[in-house]
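Here's the structure we're looking at; comments come further down.
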Amino acid sequence: MQLVPTAERSADECGSAEVEYADFLGAIIKERRLSYRDIEAASGRRLTKSRLGRIFNEDRSKRSPIKLQEVYVLLSVLQVEYYQAALSIELIRQYPQAEHDTYTNIAMMVSNALRGLPEKIFDLLAMIDGLEASDIYPTHGRHIQQVVLERLELDYRGYAQRKDERIGLSAVSNF
């Protein structure tokens, strides 16, 4: 099962551009060369081989819909975080030509940033006198996003410059 179009595969070659959890999880299973028997055992038989076969049928029209609880079991077995999976799927939908490592790395970074963030914001409510839940607005998310992007740009520009300098120094020392 091919998950997404890449530079080598067009959207037509991959079938539907609509990516589902079954596509994403099936690609990981295939990439890791896991058998349905392996997954059945690792899941404590919460997922059977026959159910996995119906979920991941190569012919999308013959697939059984994957249930949310099955997604959670598979994510646990595959050791993939829910945020990472959701973000990967969104990135694949938005950037179907991106390489696997690109969207995986971005999804893992954002997933790590989000892990525990709601709890920390909740703790802020208790720590800052006078701050109440009614003071938190959805529009604050855009401001936070802008601050994070500005910091990432600064950090990654510095990283790229240091990387270029290291590569330049190693190229000079090889002569």
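Chains: A, B, ... in order of the structure tokens. Residues: from 1 per chain. Ligands: from 1, in order shown.
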
Quick one: DSSP alpha helix (DSSP H) residues in chain A, as a ChimeraX atom specification?
-> /A:11-14,21-31,36-42,49-55,68-78,82-94,100-114,117-127,140-173

Env of A:Tyr103: 8 Å cut, atoms = only C-alpha atoms, seq-sep filter 6 positions within chain, self excluded. Answer as a short mmCIF file (atom, residue, chain, number, x, y, z; two decimals) with C-alpha atoms, in the first residue's frame.
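Everything below was put into part_12.cif:
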data_model
loop_
_atom_site.label_atom_id
_atom_site.label_comp_id
_atom_site.auth_asym_id
_atom_site.auth_seq_id
_atom_site.Cartn_x
_atom_site.Cartn_y
_atom_site.Cartn_z
CA SER A 88 0.96 13.61 9.86
CA LEU A 91 0.38 17.44 6.57
CA ILE A 92 0.00 14.67 4.00
#

Considering only C-alpha atoms, state which residue in the set A:Asp155, A:Glu81, A:Asp38, A:Glu20 is at the smallest distance from A:Leu114.
-> A:Glu81

Extract, using only C-alpha atoms, all DNA, RNA and protein residues at most 9 Å from stretch 51-57 of chain A, discarding same-chain residues fewer than 2 positions from it, and format them as a list in words.
-> Met1, Ala22, Asp23, Leu25, Gly26, Tyr36, Ile39, Glu40, Leu47, Thr48, Lys49, Asp59, Arg60, Ser61, Lys62, Arg63, Ser64, Pro65 and Ile66 of chain A

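If you measure from each of A:Ala42, A:Ile106, A:Ser111, A:Ile89 to A:Val77 using only C-alpha atoms, the closest one turns out to be A:Ala42.
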